[in-house]
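Report on one structure; see the data block that follows.
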Amino acid sequence: MRSVTNTKPMLALRQPAIALPCLLLALVLVVLLLAASISGAVDIPWTALPRALFATPVTPDEQLWQSVLRDVRLPRVIFAALCGAGLAVAGAAMQALFRNPLAEPGLVGISAGGALGAVAAIVGGASAFGLVAGAAFAGSLLALFAAWQIGRRSRAVAGLLLAGVAINAICGSLTALCTWQATDAQLRSLTFWNLGSLAGGNWSLLAFLAPWTLLLSALLLREWRGLNALLLGEREAGHLGFAIRALQRRLIVLVALLVGPLVAACGTIAFVGLVVPHIVRLTLGARHQLLLPASWLVGAIALVLADWVARRLAIPAEIPVGIVTSLAGGPFFLWLLARWSRA
Amino acid sequence: MIQIEHLTCVREGRTVLADVSLQVAAGEVVGVLGANGAGKSSLLAAVAGDLHTSQGKIALDGQLVGRTRPRQLARLRALLPQTSVLEFDLPVPEVVAMGAYPFDELTAAQVQVLVDAALIQADAADLATRHYAGLSGGEQQRVQLARVLVQTLAACQLNSKASLLLDEPTASLDPRHQHGVLAAVQALARQQQLAVLVVLHDVNLAARWCDRLLLLRHGQAVAEGTPQAVLRCEILQAVYDMPARVLPDPDDAARVLVLFG
């Protein structure tokens, strides 16, 4: 029997640092943000970037570059980064909360409800972005509330999951019904919500969305201990002092408040919230003190990349970004499933 | 210390515990024995605060379990579950360090010291560089024990008292580790003044390492006392519904050996 009042660690158990991978990912994100913002229908040379960002333009070229960069590209890539980050960190939290690798932010009806709200508003005659986004946010909260009310009858969190599946199906069919009713002009704006688009990114939207997303993400990041403990099981997490029902409620509300406005602003973007946490887990491990911030950063990187591809592939038109994330995320997910079934 | 007074629990219409009373003093190891479904795990769950008690009361260090918040309960007691599966894989030290989650006041260095100590106590120091999912059942159980020991050691350090609840801690261990784990638990109980309540299936193991035994049958206490006092043929026959012989240990007259069948 050895004494437990030793003062220095005997075994080399130190965990790999959290700061270093996050710093590296942040660096990649910043470089990518700049690279994505100079490339598109109008290409801005690297060398002109500092002047376009900070100086007063002199030549007509510089004037064009500056207005493209400042008014169009920068808000758009930052918007993409925020959406990707929020969806990915929410997905990581949901997977731990439901103890299910297939969980994602849309699972409890947030995305489907948002899409239904938006589609219903468009078909109902609304055309202003603010009105449609408001309807989308209301739709996602309503869908979550419905799933919550049905799911609470069951004691386990699985009840909420099953209710979410049902709510998703109902919202999906109602969305299809609205789409069937829509006029040709409305159909074009409907694809925006169903396939996701980052074209709505501008500074006035970001002025609200950026602080909101950062605040909610920070609040979610603080829950890493609870999420780690939930990996052991609900009962074990309870024995470690977490009030389980309250923790689950808090996590769901945080995810809804984080993802709801994002769905309202960019529509439903598939696979980011599902696949990004898995990529991070496979490379950096499942410790939530690292998984959450790293998913945030990788989610931002992934969606900026996807948006870049969506803008570049069919210049001067652009592909809805949700198609790009699905095209890239779908096969990746199949590979992930194959890997799991082998293990 | 653990005080259980006239505890009755009803689970889905069935009385799983009926009028059970037990005291576990600081520094004492008490074993709970009984056939499958006798109420052993229910007793542990009730003491841990998981189970609603219909009648009677349970107190940990004077605090009533039913009226204590989860956070405070976690600082009073730790429970080792029978099995624990991680949904996503984690490194072993991360799992063990979770035992320190209820204690915000500990620094990372202090937690590290506790983790090291607990891994050695649970004979799991050699697993420190591994990942949880790659371990065998017995290894996982020792890692979980180390996690629970971190929680108990931290509680001892900060409150100088703690209760440790173990649900079949030896279920998937080999004989050497069965004795090693219970020896470590007994030594810790003495050294840190822990109150230990442990569910066991192996009667001889219980007789060897427990100060007192509680024998349950259909949720009722059949006998309670020192191993020598309660391990008798007629009691064992009643508890396990099968004939048992009790022989004096040829090497140590103060001990008994139990043979079933």
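Residues in the structure tokens are named by chain (A, B, ... in the order shown) and by number from 1 within that chain; ligands are numbered from 1 in the order shown.
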Exercise for review: Define the interface residues of chain A facing chain B as those within 6 Å, counting only C-alpha atoms, and report them as a ChimeraX atom specification.
Suggested key: /A:4,9,99,231-232,239-241,243,286
Review point. How would you write, as a PyMOL selection string, the set of residues in region 22-223 of chain B that DSSP gives as alpha helix (DSSP H)?
Key: chain B and resi 40-48+70-74+92-97+108-121+137-159+175-192+203-209
Review point. Near region 316-322 of chain A, counting only C-alpha atoms, which residues have an atom at most 8 Å away, once you skip same-chain residues fewer than 5 positions from it, shown as an MDAnalysis selection string?
Key: chainID A and resid 41 192 195:198 268:270 306:307 310:311
Point to revise | Selection near Ala143 (chain A), 7 Å with only C-alpha atoms, sequence-local residues under 5 positions removed, as a ChimeraX atom specification | key: /A:109-110,113,167
Practice item. Would you list the contacts of Val222 (chain B) as a list of chain:residue names, taking every protein, DNA or RNA residue within 10 Å and counting only C-alpha atoms, but skipping same-chain residues closer than 2 positions in sequence? Key: B:Val20, B:Gly34, B:Leu214, B:Leu215, B:Leu216, B:Arg217, B:His218, B:Gly219, B:Gln220, B:Glu224, B:Val230, B:Ile235, B:Leu236, B:Ala238, B:Val239
